[in-house]
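Peer 1: So that you have it, the file is my_file10.txt, and it contains compact mmCIF, C-alpha atoms:
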# COMPACT_ATOMS: atom_id res chain seq x y z
CA MET A 1 -11.09 -43.36 -50.72
CA PHE A 2 -8.28 -44.08 -48.27
CA ARG A 3 -7.55 -40.37 -47.87
CA ARG A 4 -10.75 -40.09 -45.84
CA ALA A 5 -10.24 -43.20 -43.75
CA PHE A 6 -7.11 -42.10 -41.92
CA SER A 7 -5.31 -38.96 -42.75
CA ALA A 8 -1.87 -40.19 -41.73
CA ALA A 9 -2.07 -43.10 -44.07
CA ALA A 10 -1.85 -41.61 -47.52
CA VAL A 11 1.22 -42.99 -49.20
CA PHE A 12 4.48 -41.33 -50.40
CA GLY A 13 8.05 -40.31 -49.76
CA PHE A 14 10.26 -37.91 -51.67
CA SER A 15 12.62 -35.16 -50.73
CA TRP A 16 15.19 -33.00 -52.40
CA GLY A 17 18.87 -33.61 -51.87
CA GLY A 18 21.16 -31.39 -49.85
CA ALA A 19 21.20 -27.63 -49.96
CA GLY A 20 23.09 -25.66 -52.54
CA GLN A 21 22.85 -28.10 -55.46
CA LYS A 22 23.47 -26.55 -58.88
CA GLU A 23 22.25 -27.66 -62.29
CA GLN A 24 22.84 -26.30 -65.78
CA PHE A 25 19.94 -24.94 -67.82
CA VAL A 26 20.47 -23.86 -71.40
CA LEU A 27 18.48 -20.89 -72.68
CA GLY A 28 19.36 -20.46 -76.32
CA ASN A 29 23.14 -20.28 -76.31
CA GLU A 30 23.34 -19.14 -72.71
CA VAL A 31 24.02 -21.58 -69.89
CA LYS A 32 22.42 -20.76 -66.55
CA MET A 33 23.75 -22.09 -63.25
CA PRO A 34 20.96 -21.52 -60.76
CA ASN A 35 21.56 -21.73 -57.06
CA ILE A 36 19.11 -24.32 -55.74
CA SER A 37 19.03 -24.29 -51.96
CA VAL A 38 17.03 -26.38 -49.51
CA ILE A 39 16.47 -24.87 -46.08
CA ARG A 40 15.09 -26.78 -43.09
CA PRO A 41 14.08 -24.29 -40.37
CA ASP A 42 14.39 -25.42 -36.76
CA VAL A 43 11.63 -23.20 -35.43
CA ALA A 44 8.46 -21.64 -36.76
CA GLN A 45 8.28 -17.97 -37.57
CA LYS A 46 6.12 -15.81 -35.33
CA ASN A 47 2.40 -16.44 -35.88
CA ASP A 48 3.20 -19.18 -38.38
CA VAL A 49 3.54 -22.96 -38.52
CA LEU A 50 6.82 -24.85 -38.78
CA VAL A 51 8.02 -25.12 -42.37
CA SER A 52 9.47 -28.59 -42.96
CA ARG A 53 11.69 -27.40 -45.78
CA LYS A 54 11.97 -24.55 -48.23
CA VAL A 55 13.25 -25.00 -51.78
CA VAL A 56 14.60 -21.87 -53.45
CA ASN A 57 15.43 -21.58 -57.16
CA GLU A 58 16.90 -18.25 -58.25
CA LEU A 59 15.40 -18.72 -61.73
CA ASP A 60 11.82 -18.92 -60.47
CA ARG A 61 10.34 -15.57 -61.42
CA THR A 62 6.70 -16.50 -60.92
CA LYS A 63 6.47 -14.69 -57.56
CA LEU A 64 3.84 -17.21 -56.48
CA ASN A 65 5.29 -17.83 -52.99
CA ILE A 66 3.97 -21.38 -53.08
CA ARG A 67 3.41 -23.24 -49.85
CA LEU A 68 2.40 -26.91 -50.01
CA TYR A 69 0.50 -28.37 -47.06
CA GLN A 70 0.98 -32.10 -47.29
CA TYR A 71 1.56 -35.54 -45.89
CA GLU A 72 5.01 -36.57 -47.06
CA THR A 73 3.72 -40.04 -47.86
CA CYS A 74 0.52 -39.13 -49.72
CA PRO A 75 0.37 -40.12 -53.40
CA PHE A 76 -1.76 -37.10 -54.19
CA CYS A 77 0.73 -34.78 -52.50
CA CYS A 78 3.59 -36.54 -54.22
CA LYS A 79 2.08 -35.86 -57.62
CA VAL A 80 2.12 -32.15 -56.85
CA ARG A 81 5.68 -32.33 -55.51
CA ALA A 82 6.87 -34.22 -58.57
CA TYR A 83 5.47 -31.46 -60.76
CA LEU A 84 6.97 -28.66 -58.65
CA ASP A 85 10.33 -30.41 -58.48
CA TYR A 86 10.56 -31.22 -62.18
CA HIS A 87 9.79 -27.63 -63.15
CA GLY A 88 12.06 -26.15 -60.50
CA PHE A 89 9.52 -24.05 -58.60
CA SER A 90 10.53 -22.36 -55.38
CA TYR A 91 8.18 -23.52 -52.65
CA GLU A 92 7.74 -24.26 -48.98
CA ILE A 93 6.50 -27.52 -47.50
CA VAL A 94 4.46 -27.75 -44.32
CA GLU A 95 4.01 -31.27 -42.99
CA VAL A 96 0.46 -31.59 -41.70
CA ASN A 97 -0.03 -33.45 -38.44
CA PRO A 98 -2.18 -36.47 -39.38
CA VAL A 99 -3.78 -36.56 -35.93
CA THR A 100 -4.66 -32.92 -35.24
CA ARG A 101 -4.32 -31.34 -38.72
CA SER A 102 -3.75 -28.08 -36.88
CA GLN A 103 -1.54 -26.76 -39.68
CA ILE A 104 -4.54 -26.43 -42.01
CA LYS A 105 -6.96 -24.87 -39.53
CA PHE A 106 -7.10 -21.86 -41.86
CA SER A 107 -9.00 -24.06 -44.32
CA THR A 108 -12.44 -24.23 -42.73
CA ASP A 109 -14.28 -26.05 -45.52
CA TYR A 110 -11.56 -28.32 -46.92
CA LYS A 111 -9.60 -30.68 -44.67
CA LYS A 112 -7.78 -32.89 -47.14
CA VAL A 113 -4.27 -32.60 -48.53
CA PRO A 114 -2.64 -31.41 -50.64
CA ILE A 115 -3.50 -27.76 -50.24
CA VAL A 116 -1.35 -25.31 -52.17
CA ARG A 117 -1.36 -21.72 -50.95
CA VAL A 118 -0.32 -19.02 -53.41
CA ASN A 119 0.90 -15.74 -51.91
CA ASP A 120 -0.92 -16.70 -48.71
CA GLU A 121 -4.25 -15.68 -50.23
CA ILE A 122 -5.29 -18.33 -52.77
CA SER A 123 -5.85 -22.00 -51.95
CA LEU A 124 -5.54 -24.62 -54.68
CA THR A 125 -6.95 -28.07 -53.94
CA GLU A 126 -7.23 -31.50 -55.62
CA SER A 127 -3.87 -32.70 -56.87
CA SER A 128 -4.68 -33.10 -60.57
CA LEU A 129 -6.48 -29.78 -60.65
CA VAL A 130 -3.53 -28.07 -58.94
CA VAL A 131 -1.11 -29.50 -61.51
CA SER A 132 -3.32 -28.43 -64.42
CA GLN A 133 -3.67 -24.92 -63.04
CA LEU A 134 0.07 -24.51 -62.51
CA ALA A 135 0.79 -25.99 -65.94
CA THR A 136 -1.65 -23.54 -67.51
CA LEU A 137 0.05 -20.67 -65.69
CA LEU A 138 3.39 -21.70 -67.19
CA VAL A 139 2.11 -21.79 -70.77
CA LEU A 140 0.10 -18.59 -70.29
CA PRO A 141 2.61 -16.36 -68.48
CA ASP A 142 0.52 -13.22 -68.99
CA ARG A 143 -2.36 -14.65 -66.98
CA THR A 144 -2.74 -14.29 -63.21
CA MET A 145 -3.43 -17.21 -60.90
CA LYS A 146 -6.97 -16.00 -60.33
CA GLU A 147 -7.57 -15.80 -64.07
CA VAL A 148 -6.30 -19.35 -64.47
CA MET A 149 -8.54 -20.58 -61.66
CA SER A 150 -11.57 -19.10 -63.43
CA MET A 151 -10.82 -21.39 -66.38
CA TYR A 152 -11.71 -24.41 -64.21
CA PRO A 153 -15.37 -23.95 -63.22
CA THR A 154 -16.94 -26.03 -60.48
CA VAL A 155 -20.00 -28.21 -60.99
CA GLU A 156 -22.11 -29.26 -58.04
CA GLY A 157 -23.78 -32.65 -57.98
CA THR A 158 -24.26 -35.81 -55.93
CA ASP A 159 -22.36 -39.08 -55.76
CA ASP A 160 -23.75 -42.62 -55.81
CA LYS A 161 -24.75 -42.30 -52.17
CA GLY A 162 -26.57 -39.02 -52.67
CA LYS A 163 -23.86 -36.97 -51.01
CA ALA A 164 -23.23 -33.49 -52.39
CA VAL A 165 -19.96 -33.23 -54.32
CA VAL A 166 -18.15 -30.50 -56.22
CA THR A 167 -16.25 -31.46 -59.37
CA HIS A 168 -14.14 -29.76 -62.03
CA PRO A 169 -14.98 -31.50 -65.33
CA ASN A 170 -11.94 -30.08 -67.13
CA LYS A 171 -9.40 -30.67 -64.36
CA TYR A 172 -7.14 -32.75 -66.62
CA PHE A 173 -6.95 -30.04 -69.29
CA VAL A 174 -4.08 -27.60 -69.70
CA MET A 175 -5.56 -24.46 -71.22
CA MET A 176 -4.06 -22.99 -74.38
CA GLU A 177 -4.67 -19.73 -76.20
CA LYS A 178 -3.40 -20.98 -79.53
CA SER A 179 -4.58 -23.66 -81.93
CA LEU A 180 -2.98 -27.08 -81.65
CA SER A 181 -1.96 -29.31 -84.50
CA VAL A 182 -3.70 -32.65 -84.96
CA ALA A 183 -0.66 -34.40 -83.50
CA ASP A 184 -0.55 -32.08 -80.49
CA MET A 185 -4.26 -32.59 -79.84
CA ALA A 186 -3.77 -36.36 -79.92
CA ALA A 187 -0.84 -36.09 -77.50
CA ALA A 188 -2.87 -33.88 -75.14
CA ARG A 189 -5.76 -36.36 -75.24
CA GLU A 190 -3.42 -39.25 -74.44
CA GLU A 191 -1.90 -37.29 -71.57
CA ARG A 192 -5.34 -36.57 -70.07
CA GLU A 193 -6.47 -40.17 -70.37
CA TRP A 194 -3.43 -41.53 -68.57
CA ARG A 195 -3.46 -38.88 -65.88
CA GLU A 196 -7.01 -39.96 -65.14
CA TRP A 197 -5.91 -43.62 -65.20
CA VAL A 198 -3.35 -42.90 -62.50
CA ASP A 199 -6.06 -41.36 -60.30
CA SER A 200 -8.86 -43.80 -61.02
CA HIS A 201 -6.89 -47.05 -61.20
CA PHE A 202 -3.23 -47.08 -60.23
CA ILE A 203 -3.53 -45.24 -56.94
CA HIS A 204 -6.28 -47.62 -55.83
CA LEU A 205 -3.75 -50.46 -56.03
CA ILE A 206 -1.36 -48.90 -53.53
CA SER A 207 -3.18 -49.49 -50.23
CA PRO A 208 -3.94 -53.20 -50.80
CA ASN A 209 -0.25 -53.68 -51.60
CA VAL A 210 1.47 -51.70 -48.85
CA TYR A 211 -0.95 -52.72 -46.06
CA ARG A 212 -1.30 -56.36 -47.13
CA SER A 213 -0.52 -57.73 -43.66
CA TRP A 214 -0.11 -56.30 -40.18
CA ASN A 215 3.67 -56.53 -40.41
CA GLU A 216 3.74 -54.81 -43.80
CA SER A 217 1.35 -52.15 -42.57
CA LEU A 218 3.46 -51.41 -39.48
CA GLU A 219 6.65 -51.44 -41.55
CA THR A 220 5.05 -48.98 -43.97
CA PHE A 221 4.08 -46.55 -41.23
CA ARG A 222 7.50 -46.73 -39.64
CA TRP A 223 8.91 -45.81 -43.03
CA PHE A 224 6.40 -42.95 -43.26
CA GLN A 225 7.69 -41.69 -39.90
CA GLU A 226 11.25 -41.71 -41.20
CA VAL A 227 10.75 -40.06 -44.59
CA GLY A 228 8.18 -37.63 -43.21
CA ASP A 229 10.68 -36.34 -40.65
CA TRP A 230 8.05 -36.82 -37.94
CA HIS A 231 10.74 -36.83 -35.24
CA ARG A 232 11.44 -33.20 -36.01
CA THR A 233 7.93 -31.95 -36.65
CA PHE A 234 5.63 -33.88 -34.27
CA PRO A 235 5.78 -34.71 -30.53
CA SER A 236 6.48 -38.32 -29.58
CA TRP A 237 2.93 -39.19 -28.47
CA GLU A 238 1.50 -38.05 -31.79
CA ARG A 239 4.12 -40.04 -33.71
CA CYS A 240 3.29 -43.17 -31.76
CA LEU A 241 -0.44 -42.63 -32.22
CA ALA A 242 -0.06 -42.04 -35.95
CA VAL A 243 2.15 -45.10 -36.50
CA TYR A 244 0.10 -47.67 -34.59
CA MET A 245 -3.37 -46.28 -35.18
CA GLY A 246 -2.55 -45.69 -38.81
CA ALA A 247 -1.13 -49.16 -39.33
CA ALA A 248 -4.17 -50.78 -37.71
CA ALA A 249 -6.68 -48.61 -39.56
CA MET A 250 -5.10 -49.09 -42.96
CA TRP A 251 -4.55 -52.81 -42.50
CA GLY A 252 -8.28 -53.18 -42.00
CA LEU A 253 -9.21 -50.71 -44.70
CA SER A 254 -6.95 -52.34 -47.28
CA LYS A 255 -9.12 -55.47 -47.14
CA ARG A 256 -12.23 -53.45 -47.90
CA LEU A 257 -10.49 -51.56 -50.69
CA LYS A 258 -9.30 -54.81 -52.21
CA LYS A 259 -12.88 -56.06 -52.29
CA ARG A 260 -14.33 -52.75 -53.51
CA HIS A 261 -11.98 -52.60 -56.47
CA ASN A 262 -12.26 -56.32 -57.28
CA ILE A 263 -8.59 -57.06 -56.69
CA ASP A 264 -7.89 -60.78 -56.37
CA ASP A 265 -4.08 -60.68 -56.21
CA GLU A 266 -2.75 -57.26 -55.26
CA ARG A 267 0.83 -57.89 -56.40
CA ALA A 268 -0.34 -59.27 -59.74
CA ALA A 269 -2.66 -56.28 -60.20
CA MET A 270 0.21 -53.87 -59.56
CA LYS A 271 2.51 -55.65 -62.00
CA GLU A 272 -0.26 -55.73 -64.59
CA ALA A 273 -0.78 -51.97 -64.23
CA CYS A 274 2.95 -51.32 -64.66
CA ASP A 275 3.02 -53.52 -67.76
CA LYS A 276 0.01 -51.68 -69.18
CA TRP A 277 1.82 -48.38 -68.77
CA ILE A 278 4.95 -49.66 -70.49
CA VAL A 279 2.91 -50.94 -73.43
CA ALA A 280 1.24 -47.53 -73.73
CA VAL A 281 4.60 -45.73 -73.74
CA GLY A 282 5.85 -48.14 -76.38
CA PRO A 283 9.35 -49.14 -77.46
CA THR A 284 10.28 -45.93 -79.27
CA ARG A 285 9.56 -43.31 -76.58
CA LYS A 286 11.56 -42.58 -73.45
CA PHE A 287 8.46 -41.18 -71.78
CA MET A 288 4.82 -40.91 -72.64
CA GLY A 289 5.67 -37.31 -73.46
CA GLY A 290 8.36 -38.46 -75.92
CA GLU A 291 11.83 -37.14 -75.20
CA LYS A 292 10.56 -35.27 -72.14
CA PRO A 293 8.09 -36.32 -69.44
CA ASN A 294 4.55 -35.04 -69.73
CA LEU A 295 2.00 -34.64 -66.94
CA ALA A 296 0.99 -38.29 -67.15
CA ASP A 297 4.60 -39.37 -66.65
CA LEU A 298 4.90 -37.07 -63.63
CA ALA A 299 1.61 -38.33 -62.17
CA LEU A 300 2.61 -41.99 -62.31
CA TYR A 301 6.13 -41.27 -61.12
CA GLY A 302 4.73 -39.46 -58.10
CA ALA A 303 2.32 -42.28 -57.33
CA MET A 304 5.15 -44.82 -57.53
CA GLN A 305 7.40 -42.68 -55.36
CA SER A 306 4.72 -42.90 -52.70
CA PHE A 307 5.69 -46.46 -51.84
CA TYR A 308 9.29 -46.75 -53.03
CA GLY A 309 10.45 -47.74 -49.54
CA CYS A 310 7.92 -50.58 -49.22
CA ALA A 311 8.16 -54.27 -50.06
CA ALA A 312 5.53 -53.83 -52.77
CA PHE A 313 7.82 -51.51 -54.71
CA ALA A 314 10.75 -53.91 -54.49
CA GLU A 315 8.59 -56.77 -55.74
CA CYS A 316 6.68 -54.96 -58.49
CA CYS A 317 8.63 -51.97 -59.70
CA SER A 318 12.35 -52.52 -59.15
CA SER A 319 13.10 -54.59 -62.25
CA GLY A 320 12.16 -54.83 -65.91
CA PRO A 321 11.04 -52.05 -68.27
CA ILE A 322 9.08 -50.19 -65.58
CA SER A 323 12.25 -49.79 -63.51
CA GLU A 324 14.08 -48.35 -66.52
CA TRP A 325 11.31 -45.82 -67.13
CA TYR A 326 11.25 -45.02 -63.40
CA ALA A 327 15.02 -44.42 -63.37
CA ARG A 328 14.71 -42.01 -66.29
CA MET A 329 11.91 -40.17 -64.51
CA LYS A 330 13.84 -40.00 -61.26
CA SER A 331 16.80 -38.47 -63.08
CA ALA A 332 14.63 -35.94 -64.92
CA VAL A 333 12.86 -34.84 -61.74
CA GLU A 334 15.95 -34.64 -59.56
CA LYS A 335 17.80 -32.65 -62.24
CA ARG A 336 14.79 -30.34 -62.62
CA GLU A 337 14.88 -30.78 -66.36
CA GLY A 338 11.63 -28.88 -66.81
CA ALA A 339 13.00 -25.73 -65.19
CA TYR A 340 13.71 -24.13 -68.56
CA LEU A 341 10.09 -22.94 -68.62
CA LEU A 342 10.62 -20.98 -65.42
CA ALA A 343 14.01 -19.72 -66.53
CA ALA A 344 12.51 -18.38 -69.75
CA ARG A 345 10.00 -16.18 -67.95
CA LYS A 346 10.69 -12.46 -67.80
Hey, can you dump this file as structure tokens for me?

Peer 2:
Amino acid sequence: MFRRAFSAAAVFGFSWGGAGQKEQFVLGNEVKMPNISVIRPDVAQKNDVLVSRKVVNELDRTKLNIRLYQYETCPFCCKVRAYLDYHGFSYEIVEVNPVTRSQIKFSTDYKKVPIVRVNDEISLTESSLVVSQLATLLVLPDRTMKEVMSMYPTVEGTDDKGKAVVTHPNKYFVMMEKSLSVADMAAAREEREWREWVDSHFIHLISPNVYRSWNESLETFRWFQEVGDWHRTFPSWERCLAVYMGAAAMWGLSKRLKKRHNIDDERAAMKEACDKWIVAVGPTRKFMGGEKPNLADLALYGAMQSFYGCAAFAECCSSGPISEWYARMKSAVEKREGAYLLAARK
């Protein structure tokens, strides 16, 4: 997996707009106008790391104090951000240095991103698992985060190479405490299947596309530097090292990934995947979730956001039905249309 090959190279770019944006949320007959502010601290607090930005929503009553440790351009991190943004969570972002990873030194046994810290005492890891756990917390407001975590047991095993691995077999499930209708069960099954498809298929197409040549690879990393705000968060020597080492490493790795996943034409494979998604959504639904995005919609949107500034996106995703779906998703996420769940909490 390219996350392990070079930490700086995971792919994404998304940020909120300016501070103080306001959106309307309707709760029954009452219209709420939350103050959404985005703060970008210039210096780190005492005995803390530099927070890249802090998003505050006055309607978030979860009291989770979420902090996301991430690479701005990582598709796995972007899936988590897409979920947090759509639902209007308040949260902090810490950009992890891809060279030193000093910002996550507190995590002694897990050195990948994303890592989500809750109230500075609980660490959530693995992007799809994090999303499922947060989604479960929203639908089960009387449960604590620790109680929700206990619903996702770990299973120890070995991979194809005999290496010990820890998995969560139900990581794509959102837990419910009420019976679902037949239609709701079918929708939940579809959502799980396509969330897994994003992880097991679509994301594997990104690296061969964005690192297809040396020039594309270097262009991609220069874009990473820009959207990741590396000029503000990292010293110049680390930026230079990350850009050129990352571009070289991922250019080479993309060839191996292309072979490993049996990709003959990377652009054609990406277009085929986008077409497959559109067929699955069908002509009568705005989103796979129907009138509103579900977790599968958010997962694919996040993965696509991870390379929106690259040539591959312009060639594969900027026209046709996939671009129309993407535009609807972008609007829903940026308007925080899922924030009604947070606003309804007491």

Peer 1: Find the residues near Glu315 of chain A: any atom within 10 Å, counting all atoms listed in the file, skip ones fewer than 5 places away on the same chain, and give them as an NGL selection string.

Peer 2: :A and (267 or 270-271 or 310)

Peer 1: I'd like the neighbourhood of Lys286 of chain A as a tab-separated table (two decimals) with C-alpha atoms, in the coordinates of the input, where a residue qualifies if any of its atoms comes within 12 Å (using only C-alpha atoms), though same-chain residues fewer than 6 positions away should be ignored.

Peer 2:
chain	number	residue	atom	x	y	z
A	278	ILE	CA	4.95	-49.66	-70.49
A	280	ALA	CA	1.24	-47.53	-73.73
A	292	LYS	CA	10.56	-35.27	-72.14
A	293	PRO	CA	8.09	-36.32	-69.44
A	294	ASN	CA	4.55	-35.04	-69.73
A	297	ASP	CA	4.60	-39.37	-66.65
A	321	PRO	CA	11.04	-52.05	-68.27
A	322	ILE	CA	9.08	-50.19	-65.58
A	324	GLU	CA	14.08	-48.35	-66.52
A	325	TRP	CA	11.31	-45.82	-67.13
A	326	TYR	CA	11.25	-45.02	-63.40
A	327	ALA	CA	15.02	-44.42	-63.37
A	328	ARG	CA	14.71	-42.01	-66.29
A	329	MET	CA	11.91	-40.17	-64.51
A	332	ALA	CA	14.63	-35.94	-64.92

Peer 1: Distance cut-off 9 Å, centre (5.9, -47.1, -59.5) in file coordinates, counting all atoms listed in the file: which residues qualify? Return them as a short mmCIF file (atom, residue, chain, number, x, y, z; two decimals) with C-alpha atoms, in the frame of the given file.

Peer 2:
data_model
loop_
_atom_site.label_atom_id
_atom_site.label_comp_id
_atom_site.auth_asym_id
_atom_site.auth_seq_id
_atom_site.Cartn_x
_atom_site.Cartn_y
_atom_site.Cartn_z
CA MET A 270 0.21 -53.87 -59.56
CA CYS A 274 2.95 -51.32 -64.66
CA LEU A 300 2.61 -41.99 -62.31
CA TYR A 301 6.13 -41.27 -61.12
CA GLY A 302 4.73 -39.46 -58.10
CA ALA A 303 2.32 -42.28 -57.33
CA MET A 304 5.15 -44.82 -57.53
CA GLN A 305 7.40 -42.68 -55.36
CA SER A 306 4.72 -42.90 -52.70
CA PHE A 307 5.69 -46.46 -51.84
CA TYR A 308 9.29 -46.75 -53.03
CA PHE A 313 7.82 -51.51 -54.71
CA CYS A 316 6.68 -54.96 -58.49
CA CYS A 317 8.63 -51.97 -59.70
CA SER A 318 12.35 -52.52 -59.15
CA ILE A 322 9.08 -50.19 -65.58
CA SER A 323 12.25 -49.79 -63.51
CA TYR A 326 11.25 -45.02 -63.40
#

Peer 1: In Å, rounded to a single decimal, give me how far atom CA of Asp159 of chain A is from atom CA of His204 of chain A.

Peer 2: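 Atom-to-atom, atom CA of His204 of chain A and atom CA of Asp159 of chain A are spaced 18.2 Å apart.
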
Peer 1: Of the candidates A:Ser179, A:Thr125, A:Gln70, A:Ser200, which shows the shortest atom-to-atom distance to Arg101 of chain A, using all atoms listed in the file?

Peer 2: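 Result for the nearest residue to Arg101 of chain A: A:Gln70.
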
Peer 1: Go ahead and compute the interatomic distance for atom CA of Pro114 of chain A and atom CA of Glu126 of chain A, in Å to one decimal.

Peer 2: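 Going from atom CA of Pro114 of chain A over to atom CA of Glu126 of chain A, I get 6.8 Å.
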
Peer 1: I'd like the neighbourhood of segment 44-53 of chain A as a VMD selection string, where a residue qualifies if any of its atoms comes within 12 Å (using all atoms listed in the file), though same-chain residues fewer than 6 positions away should be ignored.

Peer 2: chain A and resid 15 to 19 37 to 38 67 to 72 90 to 97 101 to 106 120 227 to 234

Peer 1: Could you turn the residues from that selection into a file that holds C-alpha atoms, as a compact mmCIF listing (two decimals), keeping the file's coordinate frame?

Peer 2:
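Saved the output as again05.txt:
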# COMPACT_ATOMS: atom_id res chain seq x y z
CA SER A 15 12.62 -35.16 -50.73
CA TRP A 16 15.19 -33.00 -52.40
CA GLY A 17 18.87 -33.61 -51.87
CA GLY A 18 21.16 -31.39 -49.85
CA ALA A 19 21.20 -27.63 -49.96
CA SER A 37 19.03 -24.29 -51.96
CA VAL A 38 17.03 -26.38 -49.51
CA ARG A 67 3.41 -23.24 -49.85
CA LEU A 68 2.40 -26.91 -50.01
CA TYR A 69 0.50 -28.37 -47.06
CA GLN A 70 0.98 -32.10 -47.29
CA TYR A 71 1.56 -35.54 -45.89
CA GLU A 72 5.01 -36.57 -47.06
CA SER A 90 10.53 -22.36 -55.38
CA TYR A 91 8.18 -23.52 -52.65
CA GLU A 92 7.74 -24.26 -48.98
CA ILE A 93 6.50 -27.52 -47.50
CA VAL A 94 4.46 -27.75 -44.32
CA GLU A 95 4.01 -31.27 -42.99
CA VAL A 96 0.46 -31.59 -41.70
CA ASN A 97 -0.03 -33.45 -38.44
CA ARG A 101 -4.32 -31.34 -38.72
CA SER A 102 -3.75 -28.08 -36.88
CA GLN A 103 -1.54 -26.76 -39.68
CA ILE A 104 -4.54 -26.43 -42.01
CA LYS A 105 -6.96 -24.87 -39.53
CA PHE A 106 -7.10 -21.86 -41.86
CA ASP A 120 -0.92 -16.70 -48.71
CA VAL A 227 10.75 -40.06 -44.59
CA GLY A 228 8.18 -37.63 -43.21
CA ASP A 229 10.68 -36.34 -40.65
CA TRP A 230 8.05 -36.82 -37.94
CA HIS A 231 10.74 -36.83 -35.24
CA ARG A 232 11.44 -33.20 -36.01
CA THR A 233 7.93 -31.95 -36.65
CA PHE A 234 5.63 -33.88 -34.27

Peer 1: So that I can see what lies close to segment 190-195 of chain A, please list as a count of residues only the residues with an atom at most 8 Å from it, counting all atoms listed in the file and leaving out residues fewer than 5 positions away in the same chain.

Peer 2: 10

Peer 1: Distance cut-off 10 Å, centre (3.0, -17.1, -56.4) in file coordinates, counting all atoms listed in the file: which residues qualify? Return them as a ChimeraX atom specification.

Peer 2: /A:60-67,89-91,117-122,144-145

Peer 1: Measuring atom to atom with all atoms listed in the file, identify which of A:Glu156, A:Asp275, A:Asp264, A:Glu334 is nearest to Gly320 of chain A.

Peer 2: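 Selected residue with least distance to Gly320 of chain A: A:Asp275.
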
Peer 1: Quote the spacing between atom CA of Arg143 of chain A and atom CA of Val130 of chain A in Å to one decimal place.

Peer 2: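 Straight-line distance from atom CA of Arg143 of chain A to atom CA of Val130 of chain A works out to 15.7 Å.
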
Peer 1: For Tyr244 of chain A, which of A:Cys74, A:Leu218, A:Met151, A:Leu137 is the closest residue, counting only C-alpha atoms?

Peer 2: A:Leu218

Peer 1: Just checking: using only C-alpha atoms, which residue out of A:Lys335, A:His87, A:Arg239, A:Lys276 ends up closest to Trp197 of chain A?

Peer 2: A:Lys276

Peer 1: For Leu138 of chain A, please output as a ChimeraX atom specification all residues within 10 Å (counting all atoms listed in the file; exclusion window: fewer than 2 positions along the same chain).

Peer 2: /A:62,87,132-136,140-143,174,341-342,345

Peer 1: Looking at A:Leu298, A:Arg336, A:Asp109, A:Ala268, which one is nearest to Tyr83 of chain A, with distances taken over all atoms listed in the file?

Peer 2: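 Looking at the shortest contact to Tyr83 of chain A, the residue is A:Leu298.
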